[in-house]
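Student: Got a structure for you, structure16.txt, holding compact mmCIF, C-alpha atoms.
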# COMPACT_ATOMS: atom_id res chain seq x y z
CA MET A 1 -56.41 -226.74 -69.89
CA THR A 2 -55.59 -229.60 -72.18
CA ILE A 3 -52.59 -229.17 -74.46
CA THR A 4 -52.81 -230.91 -77.79
CA SER A 5 -49.88 -231.89 -79.93
CA ALA A 6 -49.28 -229.91 -83.10
CA ARG A 7 -48.57 -233.13 -84.93
CA PRO A 8 -51.32 -235.75 -84.69
CA SER A 9 -50.15 -239.09 -83.45
CA THR A 10 -50.49 -242.07 -85.73
CA PRO A 11 -50.42 -245.70 -84.74
CA THR A 12 -47.15 -247.40 -85.42
CA ALA A 13 -47.40 -249.88 -88.28
CA PRO A 14 -46.31 -253.40 -87.52
CA PRO A 15 -42.96 -254.39 -89.05
CA ALA A 16 -43.21 -255.77 -92.57
CA LYS A 17 -42.86 -259.50 -93.05
CA PHE A 18 -39.35 -260.55 -93.99
CA PRO A 19 -39.46 -261.37 -97.76
CA LEU A 20 -37.83 -264.79 -97.40
CA ALA A 21 -39.35 -266.43 -100.50
CA GLY A 22 -38.25 -263.63 -102.82
CA LEU A 23 -34.76 -263.52 -101.34
CA LEU A 24 -34.40 -267.28 -101.72
CA ALA A 25 -35.37 -266.95 -105.39
CA LEU A 26 -32.67 -264.31 -105.72
CA ALA A 27 -30.23 -266.68 -104.00
CA VAL A 28 -31.02 -269.37 -106.59
CA ALA A 29 -30.30 -266.92 -109.41
CA THR A 30 -27.05 -265.90 -107.70
CA PHE A 31 -26.02 -269.53 -107.36
CA LEU A 32 -26.56 -270.12 -111.08
CA SER A 33 -24.81 -266.89 -112.07
CA ILE A 34 -21.61 -267.72 -110.15
CA SER A 35 -21.74 -271.33 -111.33
CA GLY A 36 -21.84 -270.08 -114.91
CA GLU A 37 -18.90 -267.76 -114.32
CA MET A 38 -16.68 -270.51 -112.88
CA LEU A 39 -17.88 -273.53 -114.91
CA PRO A 40 -15.02 -273.50 -117.48
CA THR A 41 -12.48 -274.09 -114.70
CA GLY A 42 -13.83 -277.61 -114.22
CA LEU A 43 -14.11 -278.41 -117.91
CA LEU A 44 -10.71 -277.32 -119.23
CA PRO A 45 -9.70 -280.60 -120.95
CA GLU A 46 -13.06 -281.18 -122.62
CA MET A 47 -13.45 -277.63 -123.91
CA SER A 48 -9.84 -277.22 -125.06
CA SER A 49 -9.94 -280.53 -126.94
CA GLU A 50 -13.11 -279.79 -128.88
CA LEU A 51 -12.43 -276.10 -129.53
CA GLY A 52 -8.82 -276.75 -130.54
CA VAL A 53 -7.18 -274.33 -128.09
CA SER A 54 -4.91 -274.72 -125.06
CA GLU A 55 -6.24 -275.25 -121.56
CA SER A 56 -4.80 -271.86 -120.57
CA SER A 57 -6.96 -270.28 -123.26
CA ILE A 58 -10.03 -271.91 -121.73
CA GLY A 59 -8.93 -270.61 -118.35
CA LEU A 60 -8.92 -267.12 -119.84
CA LEU A 61 -12.67 -267.46 -120.33
CA VAL A 62 -13.03 -266.87 -116.59
CA SER A 63 -10.73 -263.83 -116.81
CA VAL A 64 -12.68 -262.43 -119.76
CA PHE A 65 -15.89 -262.80 -117.76
CA ALA A 66 -14.42 -261.16 -114.62
CA PHE A 67 -12.77 -258.21 -116.35
CA THR A 68 -15.95 -257.54 -118.33
CA VAL A 69 -17.65 -257.19 -114.95
CA VAL A 70 -14.93 -254.81 -113.72
CA LEU A 71 -15.03 -252.61 -116.81
CA THR A 72 -18.78 -252.35 -117.33
CA SER A 73 -20.80 -252.93 -114.16
CA THR A 74 -20.70 -249.35 -112.86
CA THR A 75 -21.50 -247.79 -116.23
CA LEU A 76 -24.33 -250.19 -117.00
CA THR A 77 -25.83 -249.80 -113.53
CA HIS A 78 -25.83 -246.03 -113.98
CA LEU A 79 -27.35 -246.22 -117.46
CA THR A 80 -30.14 -248.51 -116.25
CA ARG A 81 -30.93 -246.53 -113.09
CA ARG A 82 -34.33 -245.39 -114.42
CA LEU A 83 -35.54 -248.85 -115.40
CA PRO A 84 -37.92 -250.71 -113.07
CA ARG A 85 -35.75 -252.78 -110.75
CA HIS A 86 -37.92 -255.88 -110.85
CA LEU A 87 -38.08 -255.99 -114.63
CA LEU A 88 -34.36 -255.26 -114.91
CA ILE A 89 -33.22 -258.03 -112.59
CA VAL A 90 -35.42 -260.59 -114.36
CA GLY A 91 -34.07 -259.40 -117.71
CA LEU A 92 -30.47 -259.74 -116.54
CA ILE A 93 -31.07 -263.36 -115.52
CA VAL A 94 -32.57 -264.01 -118.95
CA VAL A 95 -29.45 -262.53 -120.59
CA LEU A 96 -27.29 -264.84 -118.44
CA ALA A 97 -29.37 -267.77 -119.66
CA ILE A 98 -28.90 -266.66 -123.27
CA SER A 99 -25.15 -266.34 -122.69
CA ALA A 100 -24.91 -269.90 -121.34
CA GLY A 101 -27.04 -271.17 -124.22
CA LEU A 102 -24.83 -269.45 -126.80
CA THR A 103 -21.75 -270.96 -125.15
CA ALA A 104 -23.32 -274.38 -125.49
CA ILE A 105 -23.79 -274.04 -129.25
CA ALA A 106 -20.83 -271.81 -130.20
CA PRO A 107 -18.82 -273.59 -132.93
CA THR A 108 -15.55 -271.68 -132.35
CA TYR A 109 -13.47 -270.40 -129.47
CA GLU A 110 -13.96 -266.80 -130.61
CA LEU A 111 -17.73 -267.14 -130.38
CA VAL A 112 -17.41 -268.70 -126.94
CA VAL A 113 -15.42 -265.63 -125.87
CA ALA A 114 -18.18 -263.40 -127.28
CA SER A 115 -20.81 -265.32 -125.33
CA ARG A 116 -18.75 -264.95 -122.16
CA ILE A 117 -18.50 -261.20 -122.68
CA LEU A 118 -22.29 -261.06 -122.98
CA GLY A 119 -22.57 -263.00 -119.73
CA GLY A 120 -20.09 -260.69 -117.99
CA LEU A 121 -22.11 -257.64 -119.03
CA ALA A 122 -25.21 -259.08 -117.36
CA HIS A 123 -23.40 -260.62 -114.40
CA GLY A 124 -21.83 -257.40 -113.11
CA THR A 125 -25.07 -255.47 -113.31
CA PHE A 126 -27.00 -258.37 -111.78
CA TRP A 127 -24.70 -258.41 -108.75
CA ALA A 128 -24.90 -254.64 -108.35
CA ILE A 129 -28.69 -254.66 -108.60
CA GLY A 130 -29.12 -257.85 -106.56
CA GLY A 131 -27.32 -256.67 -103.44
CA ALA A 132 -29.03 -253.29 -103.50
CA TYR A 133 -32.40 -254.94 -104.24
CA ALA A 134 -32.17 -256.99 -101.06
CA ALA A 135 -31.39 -253.83 -99.09
CA HIS A 136 -34.40 -252.02 -100.56
CA LEU A 137 -36.75 -254.73 -99.29
CA VAL A 138 -35.96 -254.40 -95.57
CA PRO A 139 -35.16 -251.74 -92.95
CA ARG A 140 -31.48 -251.02 -92.45
CA GLU A 141 -31.07 -253.12 -89.33
CA GLN A 142 -32.14 -256.17 -91.37
CA VAL A 143 -29.85 -255.49 -94.34
CA GLY A 144 -27.29 -258.01 -93.11
CA ARG A 145 -29.88 -260.76 -92.82
CA ALA A 146 -31.36 -259.98 -96.23
CA LEU A 147 -27.96 -259.95 -97.91
CA ALA A 148 -26.95 -263.19 -96.21
CA VAL A 149 -30.00 -264.90 -97.71
CA ALA A 150 -29.83 -263.30 -101.17
CA MET A 151 -26.07 -263.69 -101.59
CA SER A 152 -25.87 -267.16 -100.03
CA GLY A 153 -26.12 -268.57 -103.54
CA GLY A 154 -22.68 -267.17 -104.29
CA THR A 155 -21.02 -269.07 -101.45
CA LEU A 156 -22.93 -272.25 -102.27
CA ALA A 157 -21.87 -271.93 -105.91
CA PHE A 158 -18.21 -272.09 -104.94
CA VAL A 159 -18.94 -275.06 -102.66
CA LEU A 160 -21.37 -277.03 -104.83
CA GLY A 161 -21.95 -275.26 -108.13
CA VAL A 162 -18.56 -275.86 -109.74
CA PRO A 163 -18.28 -279.51 -108.59
CA LEU A 164 -21.82 -280.26 -109.75
CA GLY A 165 -21.26 -278.49 -113.06
CA THR A 166 -18.00 -280.34 -113.57
CA ALA A 167 -19.67 -283.66 -112.85
CA ALA A 168 -22.44 -282.84 -115.34
CA GLY A 169 -19.88 -281.86 -117.95
CA GLN A 170 -17.88 -285.05 -117.50
CA ALA A 171 -21.01 -287.20 -117.63
CA LEU A 172 -22.87 -285.44 -120.47
CA GLY A 173 -20.26 -283.32 -122.21
CA TRP A 174 -19.40 -279.64 -121.72
CA ARG A 175 -21.99 -278.38 -124.23
CA PRO A 176 -24.96 -280.14 -122.54
CA ALA A 177 -23.63 -278.84 -119.20
CA PHE A 178 -23.89 -275.24 -120.42
CA GLY A 179 -27.25 -276.02 -122.00
CA LEU A 180 -28.55 -277.39 -118.71
CA LEU A 181 -27.25 -274.28 -116.95
CA ALA A 182 -29.13 -272.08 -119.45
CA ALA A 183 -32.37 -273.96 -118.80
CA LEU A 184 -31.95 -273.65 -115.04
CA MET A 185 -31.28 -269.93 -115.38
CA ALA A 186 -34.53 -269.57 -117.31
CA VAL A 187 -36.33 -271.28 -114.43
CA GLY A 188 -34.54 -268.96 -112.00
CA ALA A 189 -35.79 -265.95 -113.96
CA VAL A 190 -39.37 -267.21 -113.59
CA LEU A 191 -38.92 -267.75 -109.85
CA VAL A 192 -37.55 -264.23 -109.36
CA TRP A 193 -40.36 -262.76 -111.47
CA ARG A 194 -43.05 -264.50 -109.44
CA LEU A 195 -41.61 -264.40 -105.91
CA LEU A 196 -39.44 -261.29 -105.59
CA PRO A 197 -41.44 -258.19 -104.52
CA PRO A 198 -40.96 -255.05 -106.62
CA VAL A 199 -39.07 -252.04 -105.25
CA PRO A 200 -39.04 -248.36 -106.30
CA THR A 201 -36.70 -247.23 -109.05
CA PRO A 202 -33.73 -245.36 -107.49
CA ALA A 203 -34.38 -242.36 -109.75
CA ASP A 204 -37.81 -242.04 -108.12
CA SER A 205 -36.52 -242.15 -104.53
CA ASP A 206 -37.49 -239.33 -102.22
CA PRO A 207 -34.34 -237.30 -101.42
CA ASP A 208 -35.56 -236.93 -97.85
CA ALA A 209 -36.00 -240.67 -97.42
CA ASP A 210 -32.42 -241.18 -96.32
CA VAL A 211 -32.87 -239.09 -93.17
CA ASP A 212 -36.10 -240.80 -92.23
CA ALA A 213 -34.73 -244.24 -93.03
CA THR A 214 -31.60 -243.58 -91.02
CA GLU A 215 -33.52 -242.48 -87.98
CA ALA A 216 -35.98 -245.37 -88.30
CA ALA A 217 -33.10 -247.82 -88.47
CA THR A 218 -31.35 -246.38 -85.43
CA THR A 219 -34.48 -246.30 -83.30
CA MET A 220 -36.13 -249.58 -84.21
CA VAL A 221 -35.00 -252.92 -82.96
CA PRO A 222 -35.05 -255.97 -85.27
CA ALA A 223 -38.40 -257.63 -85.80
CA THR A 224 -38.07 -260.32 -83.18
CA GLY A 225 -41.25 -259.61 -81.25
CA SER A 226 -40.01 -256.38 -79.69
CA VAL A 227 -42.04 -253.21 -79.92
CA PRO A 228 -40.59 -250.62 -82.34
CA ILE A 229 -39.86 -247.15 -81.04
CA VAL A 230 -41.32 -244.18 -82.88
CA PRO A 231 -38.49 -242.63 -84.93
CA THR A 232 -37.38 -239.07 -84.40
CA ARG A 233 -35.58 -236.60 -86.60
CA ALA A 234 -31.83 -236.17 -86.31
CA SER A 235 -32.21 -232.53 -85.33
CA SER A 236 -34.35 -233.31 -82.31
CA ALA A 237 -32.07 -235.76 -80.51
CA PRO A 238 -28.35 -236.53 -80.39
CA ARG A 239 -27.14 -239.63 -82.20
CA ARG A 240 -26.52 -242.56 -79.89
CA ARG A 241 -23.04 -243.98 -79.56
CA GLY A 242 -22.72 -247.02 -81.82
CA SER A 243 -25.70 -246.06 -84.01
CA LEU A 244 -25.50 -246.34 -87.79
CA PRO A 245 -23.64 -243.44 -89.43
CA LYS A 246 -25.46 -240.97 -91.62
CA PRO A 247 -25.63 -242.16 -95.27
CA SER A 248 -22.96 -240.49 -97.41
CA VAL A 249 -20.97 -240.92 -100.60
CA LEU A 250 -17.78 -240.85 -98.52
CA GLY A 251 -18.95 -243.92 -96.63
CA VAL A 252 -19.47 -245.77 -99.92
CA VAL A 253 -15.97 -244.82 -101.11
CA PHE A 254 -14.43 -246.01 -97.85
CA SER A 255 -16.29 -249.32 -98.01
CA CYS A 256 -15.37 -250.07 -101.62
CA VAL A 257 -11.69 -249.22 -101.13
CA ILE A 258 -11.49 -251.38 -98.01
CA THR A 259 -13.16 -254.28 -99.81
CA ALA A 260 -10.82 -254.02 -102.81
CA VAL A 261 -7.67 -253.92 -100.65
CA PHE A 262 -8.81 -256.86 -98.56
CA MET A 263 -9.62 -258.94 -101.64
CA VAL A 264 -6.16 -258.18 -103.08
CA GLY A 265 -4.61 -259.61 -99.92
CA HIS A 266 -6.90 -262.63 -99.85
CA TYR A 267 -6.49 -263.70 -103.46
CA SER A 268 -2.75 -263.00 -103.50
CA PHE A 269 -2.54 -266.01 -101.16
CA PHE A 270 -5.66 -268.05 -101.83
CA THR A 271 -5.00 -268.28 -105.57
CA PHE A 272 -1.95 -270.39 -104.71
CA ILE A 273 -3.37 -272.12 -101.65
CA ALA A 274 -3.09 -275.63 -103.12
CA PRO A 275 0.71 -275.98 -103.00
CA TYR A 276 0.90 -274.17 -99.66
CA LEU A 277 -1.83 -276.31 -98.15
CA VAL A 278 -0.05 -279.51 -99.17
CA ARG A 279 3.16 -278.30 -97.56
CA SER A 280 1.59 -276.71 -94.48
CA THR A 281 -0.73 -279.56 -93.53
CA GLY A 282 1.13 -282.48 -95.02
CA ILE A 283 -2.02 -283.81 -96.74
CA ALA A 284 -1.74 -285.63 -100.05
CA GLU A 285 -2.60 -283.82 -103.26
CA SER A 286 -5.46 -286.28 -103.74
CA SER A 287 -7.03 -284.90 -100.54
CA LEU A 288 -6.88 -281.27 -101.66
CA SER A 289 -10.43 -281.29 -103.01
CA ALA A 290 -11.74 -282.48 -99.64
CA ALA A 291 -9.83 -279.75 -97.80
CA LEU A 292 -11.08 -277.06 -100.16
CA PHE A 293 -14.60 -278.43 -99.88
CA ALA A 294 -14.26 -278.09 -96.09
CA PHE A 295 -13.12 -274.48 -96.58
CA GLY A 296 -16.22 -273.82 -98.68
CA ILE A 297 -18.55 -275.40 -96.13
CA ALA A 298 -16.87 -273.32 -93.43
CA GLY A 299 -17.54 -270.24 -95.57
CA GLY A 300 -21.20 -271.19 -95.69
CA VAL A 301 -21.24 -271.33 -91.89
CA GLY A 302 -19.75 -267.84 -91.80
CA LEU A 303 -22.46 -266.62 -94.14
CA LEU A 304 -25.16 -268.10 -91.90
CA MET A 305 -23.58 -266.33 -88.94
CA VAL A 306 -24.00 -263.03 -90.79
CA GLY A 307 -27.69 -263.74 -91.18
CA TRP A 308 -28.10 -264.82 -87.55
CA PHE A 309 -26.27 -262.10 -85.66
CA LEU A 310 -23.07 -260.70 -87.21
CA GLY A 311 -24.91 -258.67 -89.84
CA LYS A 312 -26.70 -256.65 -87.15
CA ARG A 313 -23.42 -255.12 -85.96
CA PRO A 314 -20.94 -254.96 -88.85
CA ARG A 315 -19.11 -252.11 -87.12
CA ILE A 316 -17.96 -254.63 -84.50
CA SER A 317 -18.00 -257.82 -86.57
CA ILE A 318 -15.73 -256.56 -89.36
CA PRO A 319 -12.69 -255.64 -87.21
CA ILE A 320 -13.03 -258.88 -85.25
CA GLY A 321 -13.29 -260.90 -88.48
CA ILE A 322 -10.20 -259.26 -89.99
CA GLY A 323 -8.27 -259.97 -86.79
CA VAL A 324 -9.34 -263.63 -86.84
CA VAL A 325 -8.24 -263.94 -90.48
CA ALA A 326 -4.78 -262.63 -89.64
CA VAL A 327 -4.47 -264.95 -86.62
CA SER A 328 -5.70 -267.97 -88.62
CA VAL A 329 -3.19 -267.46 -91.43
CA PHE A 330 -0.44 -266.90 -88.89
CA ALA A 331 -1.45 -270.15 -87.16
CA MET A 332 -1.11 -272.02 -90.46
CA MET A 333 2.44 -270.73 -90.67
CA ALA A 334 3.19 -271.50 -87.02
CA PHE A 335 1.79 -275.05 -87.19
CA GLU A 336 3.34 -275.94 -90.53
CA GLY A 337 3.93 -279.67 -90.75
CA GLN A 338 1.28 -280.44 -88.11
CA PRO A 339 -1.83 -281.55 -90.03
CA THR A 340 -4.52 -281.23 -87.36
CA PRO A 341 -3.87 -277.73 -85.98
CA SER A 342 -2.98 -276.42 -89.44
CA LEU A 343 -6.24 -277.73 -90.92
CA ILE A 344 -8.21 -276.31 -87.99
CA ALA A 345 -6.67 -272.90 -88.66
CA PHE A 346 -7.54 -273.29 -92.35
CA VAL A 347 -11.19 -274.05 -91.55
CA VAL A 348 -11.42 -271.12 -89.10
CA TRP A 349 -10.06 -268.92 -91.87
CA GLY A 350 -12.82 -270.28 -94.12
CA VAL A 351 -15.55 -269.42 -91.61
CA THR A 352 -14.26 -265.88 -91.25
CA PHE A 353 -13.79 -265.29 -94.95
CA GLY A 354 -17.31 -266.55 -95.60
CA ALA A 355 -18.60 -263.82 -93.29
CA LEU A 356 -16.42 -260.86 -94.30
CA PRO A 357 -17.57 -260.11 -97.90
CA PRO A 358 -21.28 -259.94 -96.96
CA LEU A 359 -20.33 -257.90 -93.90
CA PHE A 360 -18.40 -255.46 -96.08
CA GLN A 361 -21.39 -255.21 -98.41
CA THR A 362 -23.79 -254.82 -95.49
CA ARG A 363 -21.75 -251.96 -94.12
CA MET A 364 -21.52 -250.35 -97.55
CA LEU A 365 -25.29 -250.49 -98.07
CA GLN A 366 -25.94 -249.16 -94.58
CA VAL A 367 -23.90 -246.03 -95.29
CA ALA A 368 -25.09 -245.62 -98.91
CA PRO A 369 -27.82 -243.04 -99.59
CA ALA A 370 -30.97 -244.89 -100.66
CA LYS A 371 -31.10 -243.14 -104.04
CA MET A 372 -27.61 -244.43 -104.99
CA ARG A 373 -27.65 -247.95 -103.55
CA ASP A 374 -27.58 -249.56 -106.98
CA LEU A 375 -24.65 -247.43 -108.12
CA ALA A 376 -22.88 -248.05 -104.81
CA SER A 377 -23.34 -251.80 -105.29
CA ALA A 378 -21.84 -251.47 -108.76
CA PHE A 379 -18.76 -249.80 -107.30
CA TYR A 380 -18.60 -252.56 -104.69
CA THR A 381 -18.79 -255.24 -107.39
CA THR A 382 -16.06 -253.48 -109.37
CA GLY A 383 -13.81 -253.23 -106.31
CA PHE A 384 -14.47 -256.85 -105.39
CA ASN A 385 -13.59 -258.21 -108.84
CA ALA A 386 -10.63 -255.84 -109.23
CA GLY A 387 -9.34 -257.18 -105.92
CA ILE A 388 -9.64 -260.76 -107.17
CA GLY A 389 -7.77 -260.04 -110.40
CA GLY A 390 -5.21 -257.76 -108.79
CA GLY A 391 -4.60 -260.17 -105.92
CA ALA A 392 -3.91 -263.07 -108.27
CA LEU A 393 -1.52 -260.93 -110.30
CA ILE A 394 0.35 -259.61 -107.25
CA GLY A 395 0.49 -263.10 -105.77
CA ALA A 396 2.05 -264.45 -108.96
CA ILE A 397 4.69 -261.71 -108.93
CA VAL A 398 5.51 -262.30 -105.26
CA LEU A 399 5.59 -266.07 -105.79
CA ASP A 400 8.12 -265.74 -108.60
CA GLY A 401 10.23 -263.21 -106.71
CA ALA A 402 10.13 -264.16 -103.04
CA GLY A 403 8.66 -267.66 -103.05
CA LEU A 404 5.69 -269.41 -101.51
CA ASP A 405 6.57 -268.45 -97.93
CA ALA A 406 6.05 -264.75 -98.67
CA LEU A 407 2.37 -265.12 -99.64
CA PRO A 408 0.85 -265.68 -96.16
CA VAL A 409 3.08 -262.91 -94.79
CA LEU A 410 1.76 -260.57 -97.47
CA TYR A 411 -1.79 -261.53 -96.58
CA ILE A 412 -1.25 -260.81 -92.89
CA VAL A 413 0.30 -257.42 -93.67
CA VAL A 414 -2.64 -256.51 -95.89
CA ALA A 415 -5.10 -257.67 -93.20
CA VAL A 416 -3.41 -255.43 -90.62
CA VAL A 417 -3.55 -252.49 -93.04
CA VAL A 418 -7.24 -253.14 -93.74
CA LEU A 419 -7.96 -253.35 -90.00
CA GLY A 420 -6.39 -249.92 -89.55
CA LEU A 421 -8.40 -248.54 -92.47
CA VAL A 422 -11.63 -249.92 -91.01
CA LEU A 423 -11.05 -248.37 -87.60
CA VAL A 424 -9.95 -244.99 -88.95
CA THR A 425 -12.70 -244.64 -91.57
CA ASP A 426 -15.35 -245.79 -89.13
CA ARG A 427 -14.23 -243.10 -86.73
CA VAL A 428 -14.32 -240.47 -89.48
CA LEU A 429 -17.89 -241.44 -90.42
CA ALA A 430 -18.97 -241.41 -86.78
CA VAL A 431 -17.56 -237.90 -86.24
CA ARG A 432 -19.20 -236.63 -89.43
CA SER A 433 -22.54 -238.11 -88.36
CA ALA A 434 -22.28 -236.54 -84.88
CA ARG A 435 -21.66 -233.14 -86.40
CA SER A 436 -24.54 -233.31 -88.87
Show me this structure written as structure tokens.
Tutor:
Amino acid sequence: MTITSARPSTPTAPPAKFPLAGLLALAVATFLSISGEMLPTGLLPEMSSELGVSESSIGLLVSVFAFTVVLTSTTLTHLTRRLPRHLLIVGLIVVLAISAGLTAIAPTYELVVASRILGGLAHGTFWAIGGAYAAHLVPREQVGRALAVAMSGGTLAFVLGVPLGTAAGQALGWRPAFGLLAALMAVGAVLVWRLLPPVPTPADSDPDADVDATEAATTMVPATGSVPIVPTRASSAPRRRGSLPKPSVLGVVFSCVITAVFMVGHYSFFTFIAPYLVRSTGIAESSLSAALFAFGIAGGVGLLMVGWFLGKRPRISIPIGIGVVAVSVFAMMAFEGQPTPSLIAFVVWGVTFGALPPLFQTRMLQVAPAKMRDLASAFYTTGFNAGIGGGALIGAIVLDGAGLDALPVLYIVVAVVVLGLVLVTDRVLAVRSARS
């Protein structure tokens, strides 16, 4: 007698093509968004002279932008959760273009501040939507690769965007520089509209999709020519050791807290890296730009490593990366006064830091329920920016109280604390997943 299966078998669909063109368009928009955020830092003299305010007041334009992101990104992401994602992300880029255009024509400092607030409103939501958007386009095991491509524009903006914007401002004037940025953002909006595939609105997500997506991700190997395995339900087989944890709100909270604490440690030191670098390596102040450019290039290498292989196993890559950061900063202290080894340690630090933020975000999106990925990304963006602002503030306090030597020590202590948090929270999530 022939026994037939109660559930008819269906042929396994081939893995979807990786949406490289759309993600590259998103990377271009990200590059322009970060460049717009940081552009005033390179144009302080020109802007302060024409607007009749101090250079420190122009520097506050970056702070206004960042704290607008911190205060509004989560709320705005929640309020826009029912809007079509594709239309929303194009609209946000258009608002960023309008903000840059208004900055270019604003006759007073107060109106420039208003234009920056408008840009901050769009920027925070854009980053929250952008990271989650990339994750919606691919299966979970490819989230790291997708994020590395989509968010690569951010790293490149720190490496090339600010120097290029500064050069344009010095050659053409700061107003034409912002005008050019606005025009490029408009082009970026068109590219994203034409090339980025649409995704479902989070409010329309199937509540059961998380279970199926989780099992599919843990039973399918990356699309590298291997044959995918038919996914099974969690109730029918035990979870494999080292598999992705079950999506949960707790996992999102852990990820955002860890990111915020790490960024506090990083920017408490990196904000004041220029004087320390001169003393540690013995390089001349005129060579600082080259050293920082090398750090940025190294960060780009770290980002590429996330796309190649690190993003596939953030559970292993993150603890290793945090350990390398601590060792690198310690090496800069140990080799103080020796230019070559100190600079090598600085570059290694750059590679690792370039990899860690996208790895943190990859891990966060892997443990976020699909229906709340946008909101989870908003919390991540808030934690990230709060860490930047809080780190700079704490670093300034420590610098005034304990001196420059205390800053790398503080960073190492924070890195060790974060490493412990990563290991403990990862274990908690693994136990919860095994029990579910």
Student: Tell me, as an mmCIF file with C-alpha atoms, in the coordinates of the input, which residues lie within 12 Å of A:Leu156, counting only C-alpha atoms; anything in the same chain fewer than 6 positions away does not count.
Tutor:
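Dumped everything to selection_14.cif:
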data_model
loop_
_atom_site.group_PDB
_atom_site.id
_atom_site.type_symbol
_atom_site.label_atom_id
_atom_site.label_comp_id
_atom_site.auth_asym_id
_atom_site.auth_seq_id
_atom_site.Cartn_x
_atom_site.Cartn_y
_atom_site.Cartn_z
ATOM 1 C CA ALA A 27 -30.230 -266.680 -104.000
ATOM 2 C CA VAL A 28 -31.020 -269.370 -106.590
ATOM 3 C CA ALA A 29 -30.300 -266.920 -109.410
ATOM 4 C CA THR A 30 -27.050 -265.900 -107.700
ATOM 5 C CA PHE A 31 -26.020 -269.530 -107.360
ATOM 6 C CA LEU A 32 -26.560 -270.120 -111.080
ATOM 7 C CA SER A 33 -24.810 -266.890 -112.070
ATOM 8 C CA ILE A 34 -21.610 -267.720 -110.150
ATOM 9 C CA SER A 35 -21.740 -271.330 -111.330
ATOM 10 C CA ALA A 148 -26.950 -263.190 -96.210
ATOM 11 C CA VAL A 149 -30.000 -264.900 -97.710
ATOM 12 C CA ALA A 150 -29.830 -263.300 -101.170
ATOM 13 C CA VAL A 162 -18.560 -275.860 -109.740
ATOM 14 C CA PRO A 163 -18.280 -279.510 -108.590
ATOM 15 C CA LEU A 164 -21.820 -280.260 -109.750
ATOM 16 C CA PHE A 293 -14.600 -278.430 -99.880
ATOM 17 C CA PHE A 295 -13.120 -274.480 -96.580
ATOM 18 C CA GLY A 296 -16.220 -273.820 -98.680
ATOM 19 C CA ILE A 297 -18.550 -275.400 -96.130
ATOM 20 C CA ALA A 298 -16.870 -273.320 -93.430
ATOM 21 C CA GLY A 299 -17.540 -270.240 -95.570
ATOM 22 C CA GLY A 300 -21.200 -271.190 -95.690
ATOM 23 C CA VAL A 301 -21.240 -271.330 -91.890
ATOM 24 C CA GLY A 302 -19.750 -267.840 -91.800
ATOM 25 C CA LEU A 303 -22.460 -266.620 -94.140
ATOM 26 C CA LEU A 304 -25.160 -268.100 -91.900
ATOM 27 C CA GLY A 354 -17.310 -266.550 -95.600
#
Student: List the neighbours of A:Val348 out to 12 Å using all atoms listed in the file; skip same-chain residues closer than 2 positions along the sequence, and give me the result as number ranges by chain.
Tutor: A: 294-302, 321-332, 341-346, 350-355
Student: Taking 2 positions as the minimum chain separation for residues in the same chain, which residues sit within 12 Å of stretch 110-112 of chain A when counting only C-alpha atoms? Answer as number ranges by chain.
Tutor: A: 40, 47-48, 51-53, 57-58, 60-62, 64-65, 99-108, 114-119, 175, 178
Student: Please indicate the distance in Å from atom CA of A:Val428 to atom CA of A:Ala386, rounded to one decimal place.
Tutor: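 Spanning atom CA of A:Val428 to atom CA of A:Ala386 is a straight-line distance of 25.3 Å.
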Student: Quick one: of A:Val264, A:Ala284, A:Leu39, A:Leu365, who's nearest to A:Ala396, counting all atoms listed in the file?
Tutor: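 Smallest separation from A:Ala396 among the options: A:Val264.
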Student: Quick one: distance from atom CA of A:Leu184 to atom CA of A:Arg373 in Å, one decimal?
Tutor: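 Computing the Euclidean distance for atom CA of A:Leu184 and atom CA of A:Arg373 yields 28.5 Å.
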Student: Step by step: start from the point (0.6, -284.2, -93.2) in the file's coordinates, keep every protein, DNA or RNA residue that has an atom no farther than 12 Å from it, count all atoms listed in the file, and write the set as a compact mmCIF listing (two decimals) with C-alpha atoms, in the frame of the given file.
Tutor:
# COMPACT_ATOMS: atom_id res chain seq x y z
CA TYR A 276 0.90 -274.17 -99.66
CA LEU A 277 -1.83 -276.31 -98.15
CA VAL A 278 -0.05 -279.51 -99.17
CA ARG A 279 3.16 -278.30 -97.56
CA SER A 280 1.59 -276.71 -94.48
CA THR A 281 -0.73 -279.56 -93.53
CA GLY A 282 1.13 -282.48 -95.02
CA ILE A 283 -2.02 -283.81 -96.74
CA ALA A 284 -1.74 -285.63 -100.05
CA GLU A 285 -2.60 -283.82 -103.26
CA SER A 287 -7.03 -284.90 -100.54
CA LEU A 288 -6.88 -281.27 -101.66
CA PHE A 335 1.79 -275.05 -87.19
CA GLU A 336 3.34 -275.94 -90.53
CA GLY A 337 3.93 -279.67 -90.75
CA GLN A 338 1.28 -280.44 -88.11
CA PRO A 339 -1.83 -281.55 -90.03
CA THR A 340 -4.52 -281.23 -87.36
CA PRO A 341 -3.87 -277.73 -85.98
CA SER A 342 -2.98 -276.42 -89.44
CA LEU A 343 -6.24 -277.73 -90.92
Student: Return the single residue from A:Pro176, A:Gly153, A:Gly144, A:Gly165 that is closest to A:Pro314, with distances computed using only C-alpha atoms.
Tutor: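 Closest to A:Pro314 of all the choices is A:Gly144.
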Student: Nearest residue to A:Leu404 out of A:Ala430, A:Gly383, A:Thr271, A:Leu419, using all atoms listed in the file?
Tutor: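 Closest residue, counting all atoms listed in the file: A:Thr271.
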Student: Can you work out which one of A:Val414, A:Ala122, A:Val367, A:Ala402 has the shortest atom-to-atom distance to A:Gly251, counting all atoms listed in the file?
Tutor: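 Comparing A:Val414, A:Ala122, A:Val367, A:Ala402 against A:Gly251, the winner is A:Val367.
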